[in-house]
Amino acid sequence: MLDRLNEAMTYIERHLDQRIEVAELARIALTSEYHFRRLFSALAGMPLSEYIRRRRLTVAGADVLAGERTLLDVAVHYGYGSAEAFARAFHAVHGVGPGEARRTGAALRAQPRMSFRLTVEGSGSMEYRIVSKDAFALVGRKARVPLVHEGMNPAIVAFIRSIDKETTAWIESLSDQEPAGIVNVSDNLADRREEGTELDYWHGVVTGAVPPEDLDALPVQAGTWAVFTTSGAFPQAVQHLWRDVFTQWFPSNPYRSRPGPEISRVRVSADGTEADAELWIPVERAAS
């Protein structure tokens with residue numbers, strides 16, 4: 001898997017002056033576009049589109065400083081429709097416009113070329129199981145919130161506190177299958193997964209019953225799920241488990257992520273510092 005990812009990175013380098021299709025990168029990596037974007041973001045720490053933009057403008061910066069072509073020619077060469085569009089993108093990355101950079105020989109910012117390799121960081125293993133589920137519904141309350149990578153999410157905390165105890169108890173009574181009880185669900189999240197990107201957050205249950213009309217409901221198709229467990233400091237243990245699934249488990253197992261809601265079942269200690277959690281990730285077998 002890592003070899004294929006690195007072949008895709010080489011393809012990016014060879015086509016920085018052309019339009020790069022994610023479908024072609026996914027084909028090289030023998031995976032789906034959805035999984036390629038997700039896996040790249042988890043491994044690289046930035047969205048695929050942002051990495052390509054930074055690399056393209058890093059190479060363009062060298063052309064600007066070389067002075068062998070007009071700025072318009074450089075802009076067109078790297079796929080920008082006008083000198084103005086190129087100047088805006090250039091300034092966003094380098095902190096200075098291309099004209100000023102050429103006149104003054106200003107210092108520019110470089111995005112190094114990325115490659116992926118396997119490193120051994122510990123002897124711990126990840127516990128998981130594969131579960132096939134029939135179609136079900138998520139039922140509860142839903143809110144649109146910003147993504148937070150580390151620490152508590154204030155928007156989620158405020159949303160959960162806004163749900164009265166009677167409503168929470170009613171929602172929980174609808175649970176009739178695993179993961180049992182109240183679950184936290186992330187759905188409808190942009191592929192790039194940048195900090196602050198909005199997502200649909202659900203505080204609800206998994207059920208096969210007909211959803212009540214006065215609750216939010218999301219139908220979920222039948223499929224396969226990889227289920228991971230963890231225990232530790234809250235919320236870091238849960239956030240780090242999600243990270244490890246994409247940076248460690250997927251590259252070494254014959255599965256890829258598929259579109260669908262990501263479900264976590266978290267039970268927090270009385271003092272709010274520790275938690276036991278299950279993470280349900282929708283998966284499918286990867287092409288061999």
# chains A, B, ... in the order shown; residues from 1 in each chain; ligands from 1
>>> closest_atom_pairs(of="range 61-172 of chain A", to="range 12-22 of chain A", cutoff="12 Å", atoms="only C-alpha atoms", output="JSON lines")
{"residue": "A:Asp63", "atom": "CA", "partner": "A:Asp17", "partner_atom": "CA", "distance": 11.8}
{"residue": "A:Asp73", "atom": "CA", "partner": "A:Asp17", "partner_atom": "CA", "distance": 11.8}
{"residue": "A:Val74", "atom": "CA", "partner": "A:Asp17", "partner_atom": "CA", "distance": 9.8}
{"residue": "A:Ala75", "atom": "CA", "partner": "A:Asp17", "partner_atom": "CA", "distance": 9.9}
{"residue": "A:Val76", "atom": "CA", "partner": "A:Asp17", "partner_atom": "CA", "distance": 9.0}
{"residue": "A:His77", "atom": "CA", "partner": "A:Asp17", "partner_atom": "CA", "distance": 6.0}
{"residue": "A:Tyr78", "atom": "CA", "partner": "A:Asp17", "partner_atom": "CA", "distance": 4.6}
{"residue": "A:Gly79", "atom": "CA", "partner": "A:Asp17", "partner_atom": "CA", "distance": 6.6}
{"residue": "A:Tyr80", "atom": "CA", "partner": "A:Asp17", "partner_atom": "CA", "distance": 9.9}
{"residue": "A:Pro112", "atom": "CA", "partner": "A:Glu13", "partner_atom": "CA", "distance": 11.0}
{"residue": "A:Arg113", "atom": "CA", "partner": "A:Glu13", "partner_atom": "CA", "distance": 8.0}
{"residue": "A:Met114", "atom": "CA", "partner": "A:Glu13", "partner_atom": "CA", "distance": 9.8}
{"residue": "A:Ser115", "atom": "CA", "partner": "A:Glu13", "partner_atom": "CA", "distance": 11.1}
>>> write_last_selection(atoms="C-alpha atoms", output="PDB file, in the first residue's frame")
ATOM      1  CA  ASP A  63      10.552  29.825 -12.122  1.00  0.00           C
ATOM      2  CA  ASP A  73       3.848  32.691 -18.941  1.00  0.00           C
ATOM      3  CA  VAL A  74       4.651  31.180 -15.537  1.00  0.00           C
ATOM      4  CA  ALA A  75       1.032  31.584 -14.472  1.00  0.00           C
ATOM      5  CA  VAL A  76      -0.309  29.879 -17.598  1.00  0.00           C
ATOM      6  CA  HIS A  77       2.299  27.120 -17.382  1.00  0.00           C
ATOM      7  CA  TYR A  78       1.029  26.126 -13.940  1.00  0.00           C
ATOM      8  CA  GLY A  79      -2.621  26.249 -14.887  1.00  0.00           C
ATOM      9  CA  TYR A  80      -3.721  29.712 -13.747  1.00  0.00           C
ATOM     10  CA  PRO A 112       8.976  19.700   0.520  1.00  0.00           C
ATOM     11  CA  ARG A 113       8.052  16.734  -1.606  1.00  0.00           C
ATOM     12  CA  MET A 114       6.365  14.081   0.518  1.00  0.00           C
ATOM     13  CA  SER A 115       6.937  10.360   0.558  1.00  0.00           C
TER      14      SER A 115
END
>>> atom_distance(atom1="CA of Ser49 in chain A", atom2="CA of Arg4 in chain A")
18.6 Å
>>> residues_around(residues="Trp242 in chain A", least_positions_apart="3", cutoff="12 Å", atoms="only C-alpha atoms", output="PyMOL selection string")
chain A and resi 38-39+42-43+126+149-150+186+226-230+235-239+245-250+262-264+277-281
>>> write_last_selection(atoms="C-alpha atoms", output="PDB file, in the first residue's frame")
ATOM      1  CA  ARG A  38      -9.050  10.310   3.500  1.00  0.00           C
ATOM      2  CA  LEU A  39      -5.836   8.322   3.797  1.00  0.00           C
ATOM      3  CA  ALA A  42      -4.505  11.383   7.762  1.00  0.00           C
ATOM      4  CA  LEU A  43      -0.939  10.543   6.738  1.00  0.00           C
ATOM      5  CA  MET A 126      -4.789  -2.483  17.639  1.00  0.00           C
ATOM      6  CA  HIS A 149      -8.763  17.832  15.882  1.00  0.00           C
ATOM      7  CA  GLU A 150      -7.518  18.069  19.465  1.00  0.00           C
ATOM      8  CA  SER A 186     -19.828  12.344  12.328  1.00  0.00           C
ATOM      9  CA  ALA A 226     -14.442  -2.100  11.235  1.00  0.00           C
ATOM     10  CA  VAL A 227     -14.890  -1.719  14.987  1.00  0.00           C
ATOM     11  CA  PHE A 228     -12.012  -0.526  17.175  1.00  0.00           C
ATOM     12  CA  THR A 229     -11.813  -0.167  20.951  1.00  0.00           C
ATOM     13  CA  THR A 230      -9.722   2.011  23.231  1.00  0.00           C
ATOM     14  CA  PRO A 235     -11.149  13.074  24.650  1.00  0.00           C
ATOM     15  CA  GLN A 236      -7.582  12.441  23.476  1.00  0.00           C
ATOM     16  CA  ALA A 237      -7.874   8.646  23.435  1.00  0.00           C
ATOM     17  CA  VAL A 238     -10.829   8.767  21.056  1.00  0.00           C
ATOM     18  CA  GLN A 239      -9.225  11.368  18.767  1.00  0.00           C
ATOM     19  CA  VAL A 245      -6.964   3.825  12.278  1.00  0.00           C
ATOM     20  CA  PHE A 246      -6.078   5.853   9.182  1.00  0.00           C
ATOM     21  CA  THR A 247      -2.310   6.124   9.637  1.00  0.00           C
ATOM     22  CA  GLN A 248      -1.583   2.612  10.913  1.00  0.00           C
ATOM     23  CA  TRP A 249      -4.468   0.188  10.419  1.00  0.00           C
ATOM     24  CA  PHE A 250      -5.587   0.988   6.867  1.00  0.00           C
ATOM     25  CA  GLU A 262     -18.437   7.312  11.530  1.00  0.00           C
ATOM     26  CA  ILE A 263     -19.890   6.202  14.842  1.00  0.00           C
ATOM     27  CA  SER A 264     -18.310   6.326  18.274  1.00  0.00           C
ATOM     28  CA  ALA A 277     -14.779   3.861  23.525  1.00  0.00           C
ATOM     29  CA  GLU A 278     -15.703   1.956  20.381  1.00  0.00           C
ATOM     30  CA  LEU A 279     -15.141   3.472  16.951  1.00  0.00           C
ATOM     31  CA  TRP A 280     -17.167   2.150  14.014  1.00  0.00           C
ATOM     32  CA  ILE A 281     -15.701   2.988  10.592  1.00  0.00           C
TER      33      ILE A 281
END
>>> closest_residue(among="A:Val205, A:Ala155, A:Ala60, A:Leu25", to="Leu218 in chain A", atoms="only C-alpha atoms")
A:Val205
>>> residues_around(residues="Ile160 in chain A", least_positions_apart="3", cutoff="12 Å", atoms="only C-alpha atoms", output="short mmCIF file (atom, residue, chain, number, x, y, z; two decimals) with C-alpha atoms, in the first residue's frame")
data_model
loop_
_atom_site.label_atom_id
_atom_site.label_comp_id
_atom_site.auth_asym_id
_atom_site.auth_seq_id
_atom_site.Cartn_x
_atom_site.Cartn_y
_atom_site.Cartn_z
CA GLY A 140 -31.69 11.58 17.58
CA ARG A 141 -30.65 15.19 17.37
CA LYS A 142 -28.34 16.65 14.70
CA ALA A 143 -26.27 19.86 14.53
CA VAL A 145 -20.52 21.95 13.94
CA ASN A 153 -15.19 20.68 20.76
CA PRO A 154 -17.08 23.63 22.32
CA ALA A 155 -19.83 23.51 19.70
CA ILE A 156 -20.52 19.84 20.41
CA VAL A 157 -20.43 20.38 24.17
CA ILE A 163 -30.75 18.54 24.81
CA ASP A 164 -32.85 18.05 27.92
CA LYS A 165 -32.62 14.86 29.98
CA THR A 167 -35.33 13.89 25.32
CA THR A 168 -32.01 12.08 25.82
CA ILE A 182 -26.30 6.83 22.89
CA VAL A 183 -23.67 7.21 20.15
CA ASN A 184 -21.80 10.16 18.67
CA TYR A 201 -22.80 15.79 14.36
CA TRP A 202 -25.41 13.36 15.67
CA HIS A 203 -26.29 12.61 19.28
CA GLY A 204 -28.51 9.60 18.86
#
